[in-house]
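> Once you've had a glance at the structure underneath, I'll fire off some questions.
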Amino acid sequence: MKSDLLTELPGKLVAVEGLDGSGKSTQLYLLKRWLELQGLKVFFTEWNSSVIVKKATSKGKKRQLLTPTTFSLIHCTDFADRYERQVLPLLKAGYLVLCDRYIFTAFARDAVRGCPRTWLHNMYGFARRPDLTLFFDTPLPVALSRILSGRPQLKYHEAGMDLGLSSDPYESFRIFQERIYHEYLAMSDECGFITIDGSVTVEEQQKKVRNLVAGSFDLPSYRWKSIA
Amino acid sequence: MKFYGEGLPGVDTSNLAGKLIVVEGADGSGRSTQMELLKEYLEGKGHATVDVGLRRSTLVSDELREAKQGNVLGEITRSLFYATDFADQLENRIIPALKAGFIVLADRYIYTLTAREIVRGADRDWVRSLYGIALVPDLVIYLRVSPSQLVERNFRKNATLDYWEAGMDLGLSRDIFDSFIRYQRLIQKEFTLMQQEYGFHVVNGNRSIRSVAREITARVEGLLGI
């Protein structure tokens with residue numbers, strides 16, 4: 001497990017982090033399209049998407065069976081499934097792996113729920129650090145308004161209702177997101193985040209993202225090799 | 001009561017009036033039989049008991065069972081699935097029962113989970129930290145039975161050996177019988193290591209049901225101050 005973490009792999013891992021509504025998913029999607037249009041080997045994965053774990057996660061959420069610990073564990077299980085079966089093998093196969101949310105999401109959210117940080121860091125210890133981590137720093141009111149405009153149905157855990165921050169889901173969500181934001185800021189240096197200003201236009205952000213990626217990796221080397 | 005490590009956030013262990021008794025051992029070691037006898041004995045003495053075991057959580061037991069059948073889980077994923085199952089039972093069944101003053105009888109605990117994972121190459125520190133959420137039991141009974149005895153008892157029960165209890169996924173042998181013996185020896189080695197670290201009461205399970213039950217009862221009486 002430990003040796004796997006340090007050896008250089010043919011593929012590269014790019015992660016995006018940020019609050020809901022920070023614009024990270026849009027930016028990652030645009031990046032993905034740009035890379036694909038250049039004929040590069042790209043794989044995309046997002047948080048909380050493992051098929052195997054999905055049933056248990058939704059069951060748990062529906063019946064409010066989840067505690068901070070089981071919530072954290074089940075998301076780590078989801079992550080581990082995608083990591084073991086997809087992320088790591090694809091890195092070994094020379095792909096550019098794009099992750100919408102990575103271990104830092106867990107570090108931030110689960111810590112806000114009260115999980116000990118050392119326990120969290122150890123539990124996710126099997127996962128390689130990304131080659132590039134982009135943190136989309138969008139002003140809290142902007143991020144919140146993107147999610148909350150139109151008064152959407154906020155789900156119980158999504159709003160952090162289990163934390164008893166407020167009896168109003170929207171207020172709860174606001175406070176919850178603010179706390180997550182502060183966790184992100186606190187880990188930014190140690191975790192090597194490259195901060196992208198989320199308050200500029202989509203196009204400007206994407207330009208910066210593309211420059212960073214092109215500057216960090218030898219992109220042409222990730223082209224599909226034609227089979228002669 | 002204490003936790004092994006950093007424990008569970010938001011859980012106060014100062015008011016757990018009950019007792020946590022763990023019975024460990026391989027399939028065929030006599031665990032289920034001994035736990036039933038122990039339960040009868042305790043209930044006879046007026047103690048309320050609750051039993052818990054691996055893969056019985058509401059949260060993930062179905063998914064775990066399906067995944068086991070399909071054999072599709074990576075090692076870390078499987079470990080985490082079991083850890084989730086364990087944590088769910090710990091928080092939703094064990095702790096509430098202990099708060100209510102019940103005696104909780106746990107059919108296996110983090111020790112089997114740890115042994116299984118270490119034998120499969122998991123990082124020891126990783127596993128130890130993960131299970132830092134577990135409560136330290138009041139009593140751990142480890143039913144040690146020789147692998148050859150285990151084989152006999154398993155055959156008597158089912159006429160087959162379980163794929164996972166034979167460690168067939170490890171490729172120790174293409175023959176399930178050989179694999180079982182080898183695997184159980186590896187597991188026992190881990191238990192021997194853990195026994196020193198955690199202080200189990202090792203009970204010779206090769207004996208008759210009644211002799212084993214007598215020894216277990218004596219240990220439990222010692223714990224409860226009967």
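For the structure tokens, the naming scheme is as follows: chains receive sequential letters (A, B, ...) according to their order of presentation, residues are indexed from 1 within each chain, and ligands are indexed from 1 in presentation order.
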Select, as a PyMOL selection string, those residues of chain B with any atom no more than 9 Å from chain A (distances computed using only C-alpha atoms).

chain B and resi 5-10+58-63+67+73-81+83-85+87-88+91-92+121-123+125-127+129-130+132-133

> Once you have the residues from the selection above, write them out as a short mmCIF file (atom, residue, chain, number, x, y, z; two decimals), in the first residue's frame, restricted to N, CA and C atoms.


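Final output, part_37.cif:
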data_model
loop_
_atom_site.label_atom_id
_atom_site.label_comp_id
_atom_site.auth_asym_id
_atom_site.auth_seq_id
_atom_site.Cartn_x
_atom_site.Cartn_y
_atom_site.Cartn_z
N GLY B 5 -9.17 3.80 20.20
CA GLY B 5 -8.44 4.94 19.62
C GLY B 5 -9.20 6.21 19.89
N GLU B 6 -9.40 6.96 18.84
CA GLU B 6 -10.07 8.25 19.02
C GLU B 6 -11.56 8.14 19.18
N GLY B 7 -12.09 6.97 18.94
CA GLY B 7 -13.49 6.74 19.23
C GLY B 7 -14.46 7.42 18.27
N LEU B 8 -15.69 7.48 18.70
CA LEU B 8 -16.77 8.02 17.90
C LEU B 8 -17.06 9.44 18.33
N PRO B 9 -17.15 10.35 17.37
CA PRO B 9 -17.48 11.72 17.74
C PRO B 9 -18.87 11.80 18.34
N GLY B 10 -18.99 12.56 19.37
CA GLY B 10 -20.31 12.80 19.96
C GLY B 10 -20.83 11.69 20.83
N THR B 58 -28.02 -2.89 9.58
CA THR B 58 -29.11 -2.52 8.69
C THR B 58 -28.54 -1.81 7.49
N LEU B 59 -27.48 -1.06 7.74
CA LEU B 59 -26.98 -0.16 6.72
C LEU B 59 -26.39 -0.85 5.51
N VAL B 60 -25.47 -1.80 5.73
CA VAL B 60 -24.77 -2.36 4.56
C VAL B 60 -24.78 -3.87 4.43
N SER B 61 -25.49 -4.58 5.31
CA SER B 61 -25.37 -6.05 5.27
C SER B 61 -25.84 -6.64 3.94
N ASP B 62 -26.92 -6.11 3.37
CA ASP B 62 -27.38 -6.63 2.08
C ASP B 62 -26.33 -6.43 1.00
N GLU B 63 -25.81 -5.21 0.95
CA GLU B 63 -24.84 -4.87 -0.09
C GLU B 63 -23.58 -5.71 0.07
N ALA B 67 -22.11 -8.23 -2.66
CA ALA B 67 -20.77 -8.01 -3.17
C ALA B 67 -19.89 -9.23 -2.95
N LEU B 73 -15.28 -6.84 -5.06
CA LEU B 73 -14.72 -5.75 -4.27
C LEU B 73 -13.20 -5.78 -4.21
N GLY B 74 -12.60 -4.59 -4.28
CA GLY B 74 -11.17 -4.47 -4.03
C GLY B 74 -10.93 -4.67 -2.55
N GLU B 75 -9.69 -4.93 -2.18
CA GLU B 75 -9.35 -5.23 -0.79
C GLU B 75 -9.69 -4.10 0.16
N ILE B 76 -9.31 -2.89 -0.22
CA ILE B 76 -9.56 -1.75 0.68
C ILE B 76 -11.05 -1.50 0.77
N THR B 77 -11.74 -1.62 -0.36
CA THR B 77 -13.18 -1.42 -0.37
C THR B 77 -13.86 -2.41 0.55
N ARG B 78 -13.45 -3.67 0.45
CA ARG B 78 -14.07 -4.68 1.31
C ARG B 78 -13.83 -4.38 2.78
N SER B 79 -12.60 -4.03 3.09
CA SER B 79 -12.28 -3.69 4.48
C SER B 79 -13.17 -2.56 4.98
N LEU B 80 -13.34 -1.56 4.14
CA LEU B 80 -14.14 -0.40 4.55
C LEU B 80 -15.62 -0.75 4.68
N PHE B 81 -16.08 -1.66 3.84
CA PHE B 81 -17.47 -2.12 3.92
C PHE B 81 -17.70 -2.77 5.29
N ALA B 83 -15.92 -2.30 7.91
CA ALA B 83 -15.77 -1.28 8.95
C ALA B 83 -17.05 -0.47 9.09
N THR B 84 -17.72 -0.21 7.96
CA THR B 84 -18.99 0.53 7.99
C THR B 84 -20.04 -0.30 8.72
N ASP B 85 -20.10 -1.57 8.38
CA ASP B 85 -21.04 -2.49 9.02
C ASP B 85 -20.80 -2.51 10.53
N ALA B 87 -19.23 -0.20 12.40
CA ALA B 87 -19.53 1.10 13.01
C ALA B 87 -21.03 1.30 13.18
N ASP B 88 -21.79 0.85 12.19
CA ASP B 88 -23.24 1.00 12.25
C ASP B 88 -23.80 0.24 13.44
N GLU B 91 -22.73 1.92 16.85
CA GLU B 91 -23.48 3.11 17.24
C GLU B 91 -24.96 2.88 17.42
N ASN B 92 -25.53 2.02 16.59
CA ASN B 92 -26.99 1.87 16.64
C ASN B 92 -27.49 0.71 17.49
N GLY B 121 -2.84 -8.71 3.44
CA GLY B 121 -1.85 -7.70 3.08
C GLY B 121 -2.16 -6.26 3.46
N ALA B 122 -3.17 -6.08 4.29
CA ALA B 122 -3.49 -4.70 4.67
C ALA B 122 -2.39 -4.14 5.58
N ASP B 123 -2.24 -2.83 5.56
CA ASP B 123 -1.27 -2.15 6.40
C ASP B 123 -1.75 -2.17 7.85
N ASP B 125 -0.96 -0.52 10.55
CA ASP B 125 -1.29 0.77 11.18
C ASP B 125 -2.61 1.31 10.67
N TRP B 126 -2.84 1.07 9.38
CA TRP B 126 -4.09 1.54 8.79
C TRP B 126 -5.29 0.88 9.48
N VAL B 127 -5.20 -0.42 9.62
CA VAL B 127 -6.30 -1.16 10.23
C VAL B 127 -6.49 -0.74 11.70
N SER B 129 -5.75 2.06 13.14
CA SER B 129 -6.33 3.40 13.25
C SER B 129 -7.81 3.39 12.89
N LEU B 130 -8.14 2.62 11.85
CA LEU B 130 -9.53 2.53 11.41
C LEU B 130 -10.42 2.04 12.55
N GLY B 132 -9.94 2.27 15.60
CA GLY B 132 -9.85 3.09 16.81
C GLY B 132 -11.22 3.54 17.28
N ILE B 133 -12.24 3.34 16.43
CA ILE B 133 -13.61 3.70 16.78
C ILE B 133 -14.24 2.68 17.72
#

> As a list in words, please: the residues near range 207-211 of chain B (cut-off 9 Å, only C-alpha atoms, same-chain neighbours under 4 positions excluded).

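Answer for this query is Gly30, Thr33, Gln34, Val145, Glu215 and Ile216 of chain B.
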
> Would you pick out the contacts of range 93-105 of chain B at 8 Å or less, using only C-alpha atoms, so that residues sharing its chain but fewer than 6 positions from it are not included, and give the list as a VMD selection string?

chain B and resid 15 to 23 35 39 47 to 52

> Only N, CA and C atoms, please: the residues just picked out, written as a PDB file, in the first residue's frame.


ATOM      1  N   ASN B  15     -21.396   6.832  30.628  1.00  0.00           N
ATOM      2  CA  ASN B  15     -22.672   6.358  31.174  1.00  0.00           C
ATOM      3  C   ASN B  15     -23.107   5.016  30.589  1.00  0.00           C
ATOM      4  N   LEU B  16     -22.124   4.182  30.206  1.00  0.00           N
ATOM      5  CA  LEU B  16     -22.475   2.876  29.644  1.00  0.00           C
ATOM      6  C   LEU B  16     -22.491   1.859  30.771  1.00  0.00           C
ATOM      7  N   ALA B  17     -23.696   1.533  31.217  1.00  0.00           N
ATOM      8  CA  ALA B  17     -23.846   0.689  32.398  1.00  0.00           C
ATOM      9  C   ALA B  17     -23.704  -0.795  32.116  1.00  0.00           C
ATOM     10  N   GLY B  18     -23.900  -1.196  30.865  1.00  0.00           N
ATOM     11  CA  GLY B  18     -23.868  -2.622  30.543  1.00  0.00           C
ATOM     12  C   GLY B  18     -22.457  -3.160  30.398  1.00  0.00           C
ATOM     13  N   LYS B  19     -22.361  -4.402  29.903  1.00  0.00           N
ATOM     14  CA  LYS B  19     -21.066  -5.046  29.693  1.00  0.00           C
ATOM     15  C   LYS B  19     -20.985  -5.559  28.267  1.00  0.00           C
ATOM     16  N   LEU B  20     -19.807  -5.448  27.689  1.00  0.00           N
ATOM     17  CA  LEU B  20     -19.595  -5.933  26.325  1.00  0.00           C
ATOM     18  C   LEU B  20     -18.716  -7.173  26.382  1.00  0.00           C
ATOM     19  N   ILE B  21     -19.306  -8.286  25.965  1.00  0.00           N
ATOM     20  CA  ILE B  21     -18.571  -9.557  25.958  1.00  0.00           C
ATOM     21  C   ILE B  21     -18.430 -10.015  24.515  1.00  0.00           C
ATOM     22  N   VAL B  22     -17.209 -10.268  24.113  1.00  0.00           N
ATOM     23  CA  VAL B  22     -16.938 -10.684  22.740  1.00  0.00           C
ATOM     24  C   VAL B  22     -16.537 -12.147  22.718  1.00  0.00           C
ATOM     25  N   VAL B  23     -17.081 -12.881  21.768  1.00  0.00           N
ATOM     26  CA  VAL B  23     -16.660 -14.267  21.565  1.00  0.00           C
ATOM     27  C   VAL B  23     -16.037 -14.342  20.172  1.00  0.00           C
ATOM     28  N   MET B  35     -22.320 -19.093  22.428  1.00  0.00           N
ATOM     29  CA  MET B  35     -23.025 -17.837  22.677  1.00  0.00           C
ATOM     30  C   MET B  35     -24.464 -18.092  23.079  1.00  0.00           C
ATOM     31  N   LYS B  39     -25.976 -16.959  26.559  1.00  0.00           N
ATOM     32  CA  LYS B  39     -27.179 -16.118  26.579  1.00  0.00           C
ATOM     33  C   LYS B  39     -28.225 -16.722  27.527  1.00  0.00           C
ATOM     34  N   HIS B  47     -30.156 -11.259  33.613  1.00  0.00           N
ATOM     35  CA  HIS B  47     -29.504 -10.192  32.851  1.00  0.00           C
ATOM     36  C   HIS B  47     -30.154 -10.071  31.484  1.00  0.00           C
ATOM     37  N   ALA B  48     -30.403  -8.837  31.054  1.00  0.00           N
ATOM     38  CA  ALA B  48     -30.922  -8.633  29.706  1.00  0.00           C
ATOM     39  C   ALA B  48     -29.747  -8.693  28.750  1.00  0.00           C
ATOM     40  N   THR B  49     -29.908  -9.409  27.653  1.00  0.00           N
ATOM     41  CA  THR B  49     -28.802  -9.501  26.695  1.00  0.00           C
ATOM     42  C   THR B  49     -29.254  -9.120  25.294  1.00  0.00           C
ATOM     43  N   VAL B  50     -28.262  -8.696  24.515  1.00  0.00           N
ATOM     44  CA  VAL B  50     -28.491  -8.338  23.118  1.00  0.00           C
ATOM     45  C   VAL B  50     -27.355  -8.976  22.347  1.00  0.00           C
ATOM     46  N   ASP B  51     -27.659  -9.599  21.190  1.00  0.00           N
ATOM     47  CA  ASP B  51     -26.505 -10.068  20.427  1.00  0.00           C
ATOM     48  C   ASP B  51     -26.298  -9.338  19.115  1.00  0.00           C
ATOM     49  N   VAL B  52     -25.032  -9.166  18.799  1.00  0.00           N
ATOM     50  CA  VAL B  52     -24.613  -8.508  17.562  1.00  0.00           C
ATOM     51  C   VAL B  52     -23.563  -9.384  16.888  1.00  0.00           C
TER      52      VAL B  52
END

> Within 10 Å of range 188-194 of chain A, which residues of range 14-107 of chain A show up? Give each one with its shortest atom-to-atom distance in Å (one decimal) and the two atoms involved, counting only C-alpha atoms, rows by chain then rising residue number, as a tab-separated table.


residue	atom	partner	partner_atom	distance
A:Ala15	CA	A:Phe193	CA	9.5
A:Val16	CA	A:Phe193	CA	9.1
A:Glu17	CA	A:Phe193	CA	8.7
A:Phe104	CA	A:Cys191	CA	8.2

> Go ahead and write the selection's residues with N, CA and C atoms as an mmCIF file, in the first residue's frame.


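What ended up in out02.cif:
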data_model
loop_
_atom_site.group_PDB
_atom_site.id
_atom_site.type_symbol
_atom_site.label_atom_id
_atom_site.label_comp_id
_atom_site.auth_asym_id
_atom_site.auth_seq_id
_atom_site.Cartn_x
_atom_site.Cartn_y
_atom_site.Cartn_z
ATOM 1 N N ALA A 15 -7.426 16.809 -9.427
ATOM 2 C CA ALA A 15 -8.622 16.873 -8.588
ATOM 3 C C ALA A 15 -9.107 18.307 -8.491
ATOM 4 N N VAL A 16 -10.418 18.478 -8.445
ATOM 5 C CA VAL A 16 -10.978 19.799 -8.192
ATOM 6 C C VAL A 16 -11.768 19.760 -6.894
ATOM 7 N N GLU A 17 -11.615 20.795 -6.129
ATOM 8 C CA GLU A 17 -12.300 20.885 -4.854
ATOM 9 C C GLU A 17 -12.964 22.250 -4.731
ATOM 10 N N PHE A 104 -10.040 15.465 -0.080
ATOM 11 C CA PHE A 104 -10.121 16.722 0.679
ATOM 12 C C PHE A 104 -11.561 17.075 1.015
#

> So that I can see what lies close to Arg174 in chain A, please list as a list of chain:residue names the residues with an atom at most 9 Å from it, counting only C-alpha atoms and leaving out residues fewer than 5 positions away in the same chain.

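The contact residues come out as A:Leu140, A:Pro141, A:Leu144, A:Ala159, A:Pro169, A:Arg179.
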
> Generate the output file for the selected residues, C-alpha atoms, as an mmCIF file, in the first residue's frame.


data_model
loop_
_atom_site.group_PDB
_atom_site.id
_atom_site.type_symbol
_atom_site.label_atom_id
_atom_site.label_comp_id
_atom_site.auth_asym_id
_atom_site.auth_seq_id
_atom_site.Cartn_x
_atom_site.Cartn_y
_atom_site.Cartn_z
ATOM 1 C CA LEU A 140 -19.650 32.141 -0.070
ATOM 2 C CA PRO A 141 -22.714 34.269 -0.961
ATOM 3 C CA LEU A 144 -24.832 29.726 -1.887
ATOM 4 C CA ALA A 159 -28.005 20.720 4.540
ATOM 5 C CA PRO A 169 -32.632 23.742 6.223
ATOM 6 C CA ARG A 179 -17.675 25.696 8.134
#

> Considering only strand (DSSP E) as DSSP defines it on the backbone, what residues of range 11-201 of chain B qualify? List them as a list in words.

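For range 11-201 of chain B, the strand (DSSP E) set is Lys19, Leu20, Ile21, Val22, Val23, Glu24, Thr49, Val50, Asp51, Val52, Gly53, Ile103, Val104, Leu105, Ala106, Asp107, Leu139, Val140, Ile141, Tyr142, Leu143, Arg144 and His201 of chain B.
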
> Nearest to Gly18 in chain A: which of A:Thr138, A:Thr45, A:Ser216, A:Ser166 is it, counting only C-alpha atoms?

A:Thr138

> Among range 99-128 of chain A, which ones does DSSP assign to alpha helix (DSSP H) (computed from the backbone)? Answer as an MDAnalysis selection string.

chainID A and resid 103:112 117:123

> Excluding range 161-175 of chain B and its own-chain neighbours fewer than 2 positions away, which residues fall within 10 Å of it when counting only C-alpha atoms? Please give them as a PyMOL selection string.

chain B and resi 26-27+68+71+116+119-121+150-155+157-159+177-184+186-187

> Given the selection you just returned, output its residues as a file containing C-alpha atoms, formatted as an mmCIF file, in the first residue's frame.


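Saved file part38.cif follows:
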data_model
loop_
_atom_site.group_PDB
_atom_site.id
_atom_site.type_symbol
_atom_site.label_atom_id
_atom_site.label_comp_id
_atom_site.auth_asym_id
_atom_site.auth_seq_id
_atom_site.Cartn_x
_atom_site.Cartn_y
_atom_site.Cartn_z
ATOM 1 C CA ALA B 26 -13.182 -19.324 13.394
ATOM 2 C CA ASP B 27 -16.226 -20.865 11.751
ATOM 3 C CA LYS B 68 -19.302 -11.108 -1.545
ATOM 4 C CA ASN B 71 -16.533 -11.226 -5.743
ATOM 5 C CA ARG B 116 -8.622 -11.191 7.900
ATOM 6 C CA VAL B 119 -3.557 -11.822 6.219
ATOM 7 C CA ARG B 120 -4.681 -10.217 2.966
ATOM 8 C CA GLY B 121 -1.852 -7.698 3.076
ATOM 9 C CA LEU B 150 -12.259 -26.893 12.364
ATOM 10 C CA VAL B 151 -12.363 -28.739 9.072
ATOM 11 C CA GLU B 152 -14.154 -31.682 10.666
ATOM 12 C CA ARG B 153 -16.730 -29.485 12.353
ATOM 13 C CA ASN B 154 -17.343 -27.419 9.229
ATOM 14 C CA PHE B 155 -17.924 -30.578 7.209
ATOM 15 C CA LYS B 157 -22.274 -28.666 9.553
ATOM 16 C CA ASN B 158 -22.331 -28.148 5.820
ATOM 17 C CA ALA B 159 -20.435 -30.868 3.983
ATOM 18 C CA PHE B 177 -9.092 -28.312 1.889
ATOM 19 C CA ASP B 178 -5.404 -27.376 1.806
ATOM 20 C CA SER B 179 -6.268 -23.736 1.459
ATOM 21 C CA PHE B 180 -8.522 -23.867 4.511
ATOM 22 C CA ILE B 181 -5.831 -25.373 6.717
ATOM 23 C CA ARG B 182 -3.209 -22.879 5.573
ATOM 24 C CA TYR B 183 -5.508 -19.924 5.867
ATOM 25 C CA GLN B 184 -6.744 -20.816 9.343
ATOM 26 C CA LEU B 186 -2.342 -17.731 9.208
ATOM 27 C CA ILE B 187 -5.387 -16.357 10.999
#

> Which of these, A:Lys208, A:Arg128, A:Lys24, A:Lys32, has the shortest distance to Thr7 in chain A once you count only C-alpha atoms?

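The closest residue to Thr7 in chain A is A:Arg128.
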
> Between CA of Asp12 in chain B and CA of Gly222 in chain B, what is the distance, to one decimal in Å?

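Value for the CA of Asp12 in chain B-CA of Gly222 in chain B distance: 26.2 Å.
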